[in-house]
Amino acid sequence: MARSASGWLCLALALAVVFQTGFMPVNDSTAPTGQLARMTLEEKVGQMIMAGFYGEKPTEEARKLIQQGHVGSIILFAYTGNVKEPLQTARLTNGLQAMAQKTRLGLPLQIATDQEGGVVARLTTGATELPGNMALGATRNPSLARQAAEITAKELKAIGIQMNLAPNVDVNVNPANPVIGVRSYGEDPKLVAELGAEQIKGLQKNGVIATAKHFPGHGDTHVDSHLGLPVIDKSRQELEQVELVPFKRAIASGVDAIMTAHIHVPALDPTPDLPATLSEPILTGLLRKKLGYDGLIITDSMAMAGVAGYFGGVPQAAVKAVQAGADIILLTPELTTEEQLDVHKAVVQAVKRGELSEKRINQSVLRILRAKWKVGVFTDRYVPLHQVPKKVGIGKHHSRALAMAQQAVTLVKNDANLLPLRLDEGQKVGIISPYSLLEYVQRHHAEAEELYLNQVNPSDDMIQAAVAMARDKDVLLVGTYSANLYPQQVKLVRALQTLKKPLIVIGLRNPYDIKEFPDVNAYLNAYGFRKVSLQAAVETVFGANQPQGKLPVTIPDLYPYGHGLSYSHPAQVWPQAK
């Protein structure tokens, strides 16, 4: 029987995939099972490792991890040089997939990154910079949360990244939290759950694995788990009412993956100093059995101090994480290639010694293979480079991101209706900020001078220079960055206040800064330092944007959850009396 040219092409492509992967590219639920049956123990354990390396191109270290360590997933970071701009990253992911195709079974990689939006985004240059979670929380708009996730998914997918280690569904109920803050949607578990669910849908409907993190909830800590082991000293009932609410909603929304937290939660597992990542009662007893979750469980980085310093080091901790119920062990490049390969060896040896059963390993590998099939990486591992500029950082995406940032800006204080600013042509604006605002200010008022602070904890000399620059200015615009965590910023603002000039503060990260200097003339929150957030904040200062955001957190003793002023209504009398 005669075949059309297109028919022969389809047959050729199908046969190519058969030779590369060992089975036909069909949506067959039995395909992962068949692939699992062909794998050695070493290959299976490799699938459970997500590894990292330094370099903007596929390196010899990456080759060792993929071809000797059989790793099934790779994580990309900006600080490692992996992610510089979209086209470079697409070339890198294609190169890594080519390395994986040369292994015995040719299994494709699952490539991941942390693209939360806002302050945590690995892909920035040349891509769409989106406002982060707390900015979205300030809008109270689930549709915007979903749109942000859709843009993220489309741009990640275009450069060969199939897994986003987001959204963060921690409930930020502790203003002193040094690691979550604006990475959370806010302090209301229902709001966090709703926006998180929308982002999960936005990611997964566009072919990217979503990862709800950090289970069972990292929002009420005052210790950074990168540096130590935080303790959540709450009752089981309190956890059920706050921390677990967004994870239950995520599971109901069909989230593909959940990341564990390196936190100690005595109410869930009283074992002394045991992080949730290594706890069988938490990962298997609570997450798998009680909450009914059967998707991927991935650890947070095993190089973090909250877990690496316990139980004899990373290899032993990794074995314990698998025993607890983790499917993917996340290893970041703080660990050398050899140290990462040692983790692989430790898990293999644990199976051979009987500490882990191969049945337990098979369960995890099957979940991983199914996730890869779901996002289509078995049939479409490479990305077309010519399509990258057409899909990443495009004008339509940027316009949507700016609109989100504009709706998020929250005017918290506006004494004597100082804002929007109405300046005479010759009046001078003095700008002091760790992120440059000058470009955006000069779009509205030419007479402006900026002292750019290249650090978030300015020195005394910098503070003196800022005061000197500000003396002949008519109004001062100051950007602060989680000032409640950096005392020198507080000292800077207070020094500027002694000049008795109109002083406007823009919070460029956590929204609690005003608690440190409650008598500034005006204060607004941008919830981030990405360009769209800086532009939206300055537009609001000059009246080109109407402030619409509502606080997604309480500022203790000052402003309640939901507070937010506008220019169309008389100023409210704040702060509240203590």
# chains A, B, ... in the order shown; residues from 1 in each chain; ligands from 1

$ residues_around --residues "A:Phe53" --least-positions-apart "2" --cutoff "10 Å" --atoms "only C-alpha atoms" --output "number ranges by chain"
A: 51, 55-56, 58-63, 65, 74-77, 80-82, 331-337, 340

$ closest_residue --among "A:Leu369, A:Leu156, A:Val538, A:Leu107" --to "A:Pro32" --atoms "only C-alpha atoms"
A:Leu369

$ residues_around --residues "A:Ala100" --least-positions-apart "2" --cutoff "9 Å" --atoms "only C-alpha atoms" --output "PyMOL selection string"
chain A and resi 63+66-67+70-72+95-98+102-109

$ write_last_selection --atoms "all heavy atoms" --output "short mmCIF file (atom, residue, chain, number, x, y, z; two decimals), in the first residue's frame"
data_model
loop_
_atom_site.label_atom_id
_atom_site.label_comp_id
_atom_site.auth_asym_id
_atom_site.auth_seq_id
_atom_site.Cartn_x
_atom_site.Cartn_y
_atom_site.Cartn_z
N ARG A 63 28.71 15.87 32.53
CA ARG A 63 28.74 14.56 31.87
C ARG A 63 28.90 13.44 32.89
O ARG A 63 28.23 12.39 32.79
CB ARG A 63 29.88 14.52 30.85
CG ARG A 63 29.87 13.26 29.98
CD ARG A 63 31.20 13.02 29.32
NE ARG A 63 32.26 12.73 30.29
CZ ARG A 63 32.40 11.55 30.91
NH1 ARG A 63 31.57 10.56 30.68
NH2 ARG A 63 33.39 11.39 31.78
N ILE A 66 25.62 12.80 34.67
CA ILE A 66 24.58 12.21 33.82
C ILE A 66 24.96 10.81 33.37
O ILE A 66 24.14 9.88 33.43
CB ILE A 66 24.32 13.12 32.60
CG1 ILE A 66 23.70 14.45 33.06
CG2 ILE A 66 23.41 12.43 31.59
CD1 ILE A 66 23.70 15.54 31.99
N GLN A 67 26.19 10.63 32.93
CA GLN A 67 26.57 9.36 32.31
C GLN A 67 27.18 8.37 33.28
O GLN A 67 27.08 7.16 33.07
CB GLN A 67 27.52 9.63 31.13
CG GLN A 67 26.83 10.43 30.02
CD GLN A 67 27.72 10.70 28.82
OE1 GLN A 67 28.91 10.39 28.82
NE2 GLN A 67 27.14 11.29 27.77
N HIS A 70 24.16 8.54 36.38
CA HIS A 70 22.81 8.19 35.89
C HIS A 70 21.74 9.15 36.39
O HIS A 70 20.56 8.78 36.46
CB HIS A 70 22.43 6.76 36.31
CG HIS A 70 23.47 5.72 36.04
ND1 HIS A 70 23.76 5.26 34.76
CD2 HIS A 70 24.32 5.05 36.88
CE1 HIS A 70 24.72 4.35 34.83
NE2 HIS A 70 25.09 4.21 36.09
N VAL A 71 22.10 10.42 36.74
CA VAL A 71 21.11 11.29 37.34
C VAL A 71 19.95 11.54 36.38
O VAL A 71 20.14 11.70 35.18
CB VAL A 71 21.72 12.63 37.81
CG1 VAL A 71 22.80 12.41 38.85
CG2 VAL A 71 22.23 13.46 36.66
N GLY A 72 18.77 11.57 36.95
CA GLY A 72 17.56 11.73 36.13
C GLY A 72 17.10 13.16 36.01
O GLY A 72 16.27 13.48 35.15
N GLY A 95 22.05 20.63 25.17
CA GLY A 95 23.31 19.90 25.33
C GLY A 95 23.26 18.86 26.42
O GLY A 95 23.81 17.75 26.28
N LEU A 96 22.60 19.20 27.52
CA LEU A 96 22.46 18.23 28.61
C LEU A 96 21.60 17.05 28.18
O LEU A 96 21.90 15.88 28.50
CB LEU A 96 21.84 18.92 29.83
CG LEU A 96 22.68 20.01 30.49
CD1 LEU A 96 21.88 20.75 31.55
CD2 LEU A 96 23.96 19.43 31.10
N GLN A 97 20.54 17.32 27.44
CA GLN A 97 19.69 16.22 26.94
C GLN A 97 20.45 15.33 25.97
O GLN A 97 20.25 14.10 25.93
CB GLN A 97 18.42 16.78 26.28
CG GLN A 97 17.46 17.50 27.20
CD GLN A 97 16.71 16.58 28.15
OE1 GLN A 97 17.02 15.38 28.26
NE2 GLN A 97 15.71 17.10 28.85
N ALA A 98 21.34 15.93 25.18
CA ALA A 98 22.16 15.12 24.27
C ALA A 98 23.08 14.19 25.04
O ALA A 98 23.31 13.04 24.65
CB ALA A 98 22.97 16.04 23.35
N LYS A 102 22.92 9.70 25.26
CA LYS A 102 24.03 8.78 25.00
C LYS A 102 24.19 7.72 26.09
O LYS A 102 25.09 6.88 26.01
CB LYS A 102 25.33 9.57 24.85
CG LYS A 102 25.36 10.45 23.61
CD LYS A 102 26.65 11.26 23.53
CE LYS A 102 26.66 12.16 22.30
NZ LYS A 102 27.88 13.01 22.24
N THR A 103 23.35 7.76 27.11
CA THR A 103 23.41 6.73 28.14
C THR A 103 22.78 5.44 27.61
O THR A 103 22.15 5.44 26.56
CB THR A 103 22.70 7.19 29.42
OG1 THR A 103 21.33 7.47 29.11
CG2 THR A 103 23.35 8.43 30.00
N ARG A 104 22.90 4.36 28.36
CA ARG A 104 22.45 3.04 27.89
C ARG A 104 20.99 3.05 27.46
O ARG A 104 20.64 2.54 26.39
CB ARG A 104 22.67 1.99 28.97
CG ARG A 104 22.35 0.55 28.52
CD ARG A 104 22.61 -0.43 29.63
NE ARG A 104 21.57 -0.39 30.65
CZ ARG A 104 20.46 -1.16 30.62
NH1 ARG A 104 20.25 -1.98 29.62
NH2 ARG A 104 19.59 -1.08 31.61
N LEU A 105 20.13 3.64 28.28
CA LEU A 105 18.71 3.66 27.96
C LEU A 105 18.26 4.96 27.29
O LEU A 105 17.14 5.05 26.80
CB LEU A 105 17.88 3.43 29.23
CG LEU A 105 18.03 2.05 29.88
CD1 LEU A 105 17.22 1.98 31.16
CD2 LEU A 105 17.60 0.95 28.91
N GLY A 106 19.12 5.96 27.29
CA GLY A 106 18.77 7.22 26.64
C GLY A 106 17.63 7.96 27.30
O GLY A 106 16.92 8.72 26.64
N LEU A 107 17.44 7.76 28.60
CA LEU A 107 16.32 8.42 29.27
C LEU A 107 16.52 9.93 29.29
O LEU A 107 17.60 10.41 29.60
CB LEU A 107 16.19 7.92 30.71
CG LEU A 107 15.94 6.42 30.89
CD1 LEU A 107 15.95 6.07 32.37
CD2 LEU A 107 14.62 6.03 30.25
N PRO A 108 15.48 10.69 28.99
CA PRO A 108 15.62 12.15 29.00
C PRO A 108 15.71 12.70 30.43
O PRO A 108 15.24 12.07 31.38
CB PRO A 108 14.34 12.63 28.32
CG PRO A 108 13.34 11.56 28.62
CD PRO A 108 14.11 10.27 28.61
N LEU A 109 16.31 13.85 30.54
CA LEU A 109 16.42 14.52 31.83
C LEU A 109 15.14 15.30 32.15
O LEU A 109 14.44 15.78 31.25
CB LEU A 109 17.58 15.51 31.82
CG LEU A 109 18.98 14.93 31.67
CD1 LEU A 109 19.98 16.05 31.38
CD2 LEU A 109 19.39 14.17 32.93
#

$ select_by_dssp --residues "stretch 359-504 of chain A" --states "helix (DSSP H, G or I)" --output "ChimeraX atom specification"
/A:359-374,385-391,395-408,415-417,438-442,460-470,483-485,487-497

$ closest_residue --among "A:Asn454, A:Asn484, A:Thr498, A:Gln535" --to "A:Ala468" --atoms "only C-alpha atoms"
A:Thr498

$ closest_residue --among "A:Gln323, A:Ser533, A:Gln162, A:Gln115" --to "A:Leu356" --atoms "only C-alpha atoms"
A:Gln323

$ select_by_dssp --residues "stretch 117-268 of chain A" --states "strand (DSSP E)" --output "PyMOL selection string"
chain A and resi 117+120-121+163-164+209-215+257-260

$ write_last_selection --atoms "N, CA, C and O atoms" --output "mmCIF file, in the first residue's frame"
data_model
loop_
_atom_site.group_PDB
_atom_site.id
_atom_site.type_symbol
_atom_site.label_atom_id
_atom_site.label_comp_id
_atom_site.auth_asym_id
_atom_site.auth_seq_id
_atom_site.Cartn_x
_atom_site.Cartn_y
_atom_site.Cartn_z
ATOM 1 N N GLY A 117 9.168 33.924 40.703
ATOM 2 C CA GLY A 117 8.746 35.283 40.401
ATOM 3 C C GLY A 117 9.174 36.199 41.530
ATOM 4 O O GLY A 117 9.390 35.775 42.660
ATOM 5 N N VAL A 120 12.822 35.710 43.903
ATOM 6 C CA VAL A 120 13.449 34.433 43.553
ATOM 7 C C VAL A 120 13.097 34.088 42.111
ATOM 8 O O VAL A 120 11.997 33.610 41.813
ATOM 9 N N ALA A 121 14.017 34.396 41.226
ATOM 10 C CA ALA A 121 13.854 34.094 39.803
ATOM 11 C C ALA A 121 15.242 33.887 39.226
ATOM 12 O O ALA A 121 16.094 34.761 39.346
ATOM 13 N N MET A 163 10.340 21.607 34.821
ATOM 14 C CA MET A 163 9.909 21.552 36.225
ATOM 15 C C MET A 163 10.239 22.866 36.916
ATOM 16 O O MET A 163 11.378 23.321 36.878
ATOM 17 N N ASN A 164 9.222 23.471 37.505
ATOM 18 C CA ASN A 164 9.433 24.690 38.272
ATOM 19 C C ASN A 164 9.300 24.369 39.752
ATOM 20 O O ASN A 164 8.287 23.799 40.173
ATOM 21 N N ILE A 209 5.914 20.971 35.315
ATOM 22 C CA ILE A 209 5.624 20.397 36.633
ATOM 23 C C ILE A 209 5.662 21.500 37.683
ATOM 24 O O ILE A 209 6.632 22.243 37.782
ATOM 25 N N ALA A 210 4.603 21.607 38.464
ATOM 26 C CA ALA A 210 4.551 22.555 39.572
ATOM 27 C C ALA A 210 4.989 21.856 40.852
ATOM 28 O O ALA A 210 4.760 20.657 41.029
ATOM 29 N N THR A 211 5.603 22.620 41.754
ATOM 30 C CA THR A 211 6.115 22.065 43.004
ATOM 31 C C THR A 211 5.665 22.954 44.161
ATOM 32 O O THR A 211 6.174 24.070 44.330
ATOM 33 N N ALA A 212 4.723 22.488 44.953
ATOM 34 C CA ALA A 212 4.282 23.239 46.129
ATOM 35 C C ALA A 212 5.323 23.066 47.238
ATOM 36 O O ALA A 212 5.747 21.957 47.530
ATOM 37 N N LYS A 213 5.728 24.186 47.846
ATOM 38 C CA LYS A 213 6.782 24.105 48.857
ATOM 39 C C LYS A 213 6.504 25.121 49.971
ATOM 40 O O LYS A 213 5.749 26.068 49.752
ATOM 41 N N HIS A 214 7.057 24.881 51.191
ATOM 42 C CA HIS A 214 7.959 23.844 51.675
ATOM 43 C C HIS A 214 7.209 23.064 52.747
ATOM 44 O O HIS A 214 6.959 23.608 53.818
ATOM 45 N N PHE A 215 6.832 21.837 52.478
ATOM 46 C CA PHE A 215 5.996 21.021 53.356
ATOM 47 C C PHE A 215 6.760 20.605 54.615
ATOM 48 O O PHE A 215 7.923 20.202 54.525
ATOM 49 N N ALA A 257 4.209 17.858 42.229
ATOM 50 C CA ALA A 257 5.334 17.648 43.145
ATOM 51 C C ALA A 257 5.159 18.514 44.387
ATOM 52 O O ALA A 257 4.549 19.584 44.340
ATOM 53 N N ILE A 258 5.713 18.035 45.491
ATOM 54 C CA ILE A 258 5.748 18.785 46.743
ATOM 55 C C ILE A 258 7.173 18.733 47.272
ATOM 56 O O ILE A 258 7.780 17.658 47.331
ATOM 57 N N MET A 259 7.701 19.898 47.650
ATOM 58 C CA MET A 259 9.060 19.972 48.209
ATOM 59 C C MET A 259 8.986 20.005 49.723
ATOM 60 O O MET A 259 8.148 20.692 50.306
ATOM 61 N N THR A 260 9.899 19.286 50.349
ATOM 62 C CA THR A 260 9.938 19.216 51.805
ATOM 63 C C THR A 260 10.705 20.387 52.394
ATOM 64 O O THR A 260 11.490 21.051 51.720
#

$ atom_distance --atom1 "atom CA of A:Trp373" --atom2 "atom CA of A:Ile151"
22.0 Å

$ decode --residues "stretch 231-245 of chain A" --atoms "N, CA, C and O atoms" --output "PDB file, in the first residue's frame"
ATOM      1  N   VAL A 231      12.658  25.482  64.188  1.00  0.00           N
ATOM      2  CA  VAL A 231      11.699  24.666  64.920  1.00  0.00           C
ATOM      3  C   VAL A 231      10.330  25.338  64.844  1.00  0.00           C
ATOM      4  O   VAL A 231      10.191  26.522  65.150  1.00  0.00           O
ATOM      5  N   ILE A 232       9.323  24.583  64.420  1.00  0.00           N
ATOM      6  CA  ILE A 232       7.938  25.069  64.407  1.00  0.00           C
ATOM      7  C   ILE A 232       7.257  24.485  65.634  1.00  0.00           C
ATOM      8  O   ILE A 232       6.855  23.314  65.643  1.00  0.00           O
ATOM      9  N   ASP A 233       7.148  25.287  66.663  1.00  0.00           N
ATOM     10  CA  ASP A 233       6.616  24.795  67.937  1.00  0.00           C
ATOM     11  C   ASP A 233       5.127  25.103  68.028  1.00  0.00           C
ATOM     12  O   ASP A 233       4.686  25.962  68.791  1.00  0.00           O
ATOM     13  N   LYS A 234       4.345  24.399  67.225  1.00  0.00           N
ATOM     14  CA  LYS A 234       2.892  24.582  67.181  1.00  0.00           C
ATOM     15  C   LYS A 234       2.204  23.257  67.442  1.00  0.00           C
ATOM     16  O   LYS A 234       2.775  22.183  67.196  1.00  0.00           O
ATOM     17  N   SER A 235       0.957  23.340  67.864  1.00  0.00           N
ATOM     18  CA  SER A 235       0.172  22.129  68.068  1.00  0.00           C
ATOM     19  C   SER A 235      -0.286  21.587  66.723  1.00  0.00           C
ATOM     20  O   SER A 235      -0.293  22.300  65.705  1.00  0.00           O
ATOM     21  N   ARG A 236      -0.686  20.331  66.730  1.00  0.00           N
ATOM     22  CA  ARG A 236      -1.203  19.715  65.502  1.00  0.00           C
ATOM     23  C   ARG A 236      -2.427  20.489  64.998  1.00  0.00           C
ATOM     24  O   ARG A 236      -2.583  20.717  63.787  1.00  0.00           O
ATOM     25  N   GLN A 237      -3.269  20.932  65.911  1.00  0.00           N
ATOM     26  CA  GLN A 237      -4.463  21.678  65.516  1.00  0.00           C
ATOM     27  C   GLN A 237      -4.092  22.994  64.839  1.00  0.00           C
ATOM     28  O   GLN A 237      -4.690  23.374  63.825  1.00  0.00           O
ATOM     29  N   GLU A 238      -3.104  23.692  65.385  1.00  0.00           N
ATOM     30  CA  GLU A 238      -2.668  24.949  64.782  1.00  0.00           C
ATOM     31  C   GLU A 238      -2.101  24.716  63.384  1.00  0.00           C
ATOM     32  O   GLU A 238      -2.364  25.492  62.451  1.00  0.00           O
ATOM     33  N   LEU A 239      -1.343  23.678  63.215  1.00  0.00           N
ATOM     34  CA  LEU A 239      -0.794  23.352  61.902  1.00  0.00           C
ATOM     35  C   LEU A 239      -1.910  23.037  60.905  1.00  0.00           C
ATOM     36  O   LEU A 239      -1.857  23.461  59.744  1.00  0.00           O
ATOM     37  N   GLU A 240      -2.913  22.324  61.344  1.00  0.00           N
ATOM     38  CA  GLU A 240      -4.046  21.979  60.484  1.00  0.00           C
ATOM     39  C   GLU A 240      -4.793  23.240  60.040  1.00  0.00           C
ATOM     40  O   GLU A 240      -5.292  23.319  58.917  1.00  0.00           O
ATOM     41  N   GLN A 241      -4.859  24.241  60.904  1.00  0.00           N
ATOM     42  CA  GLN A 241      -5.626  25.446  60.614  1.00  0.00           C
ATOM     43  C   GLN A 241      -4.865  26.455  59.773  1.00  0.00           C
ATOM     44  O   GLN A 241      -5.474  27.325  59.147  1.00  0.00           O
ATOM     45  N   VAL A 242      -3.536  26.366  59.744  1.00  0.00           N
ATOM     46  CA  VAL A 242      -2.747  27.360  59.022  1.00  0.00           C
ATOM     47  C   VAL A 242      -1.825  26.686  57.996  1.00  0.00           C
ATOM     48  O   VAL A 242      -2.095  26.695  56.795  1.00  0.00           O
ATOM     49  N   GLU A 243      -0.743  26.101  58.448  1.00  0.00           N
ATOM     50  CA  GLU A 243       0.312  25.636  57.540  1.00  0.00           C
ATOM     51  C   GLU A 243      -0.159  24.598  56.526  1.00  0.00           C
ATOM     52  O   GLU A 243       0.271  24.614  55.360  1.00  0.00           O
ATOM     53  N   LEU A 244      -1.011  23.680  56.952  1.00  0.00           N
ATOM     54  CA  LEU A 244      -1.381  22.573  56.061  1.00  0.00           C
ATOM     55  C   LEU A 244      -2.485  22.926  55.077  1.00  0.00           C
ATOM     56  O   LEU A 244      -2.692  22.213  54.086  1.00  0.00           O
ATOM     57  N   VAL A 245      -3.189  24.027  55.311  1.00  0.00           N
ATOM     58  CA  VAL A 245      -4.326  24.386  54.454  1.00  0.00           C
ATOM     59  C   VAL A 245      -3.918  24.516  52.985  1.00  0.00           C
ATOM     60  O   VAL A 245      -4.562  23.924  52.104  1.00  0.00           O
TER      61      VAL A 245
END
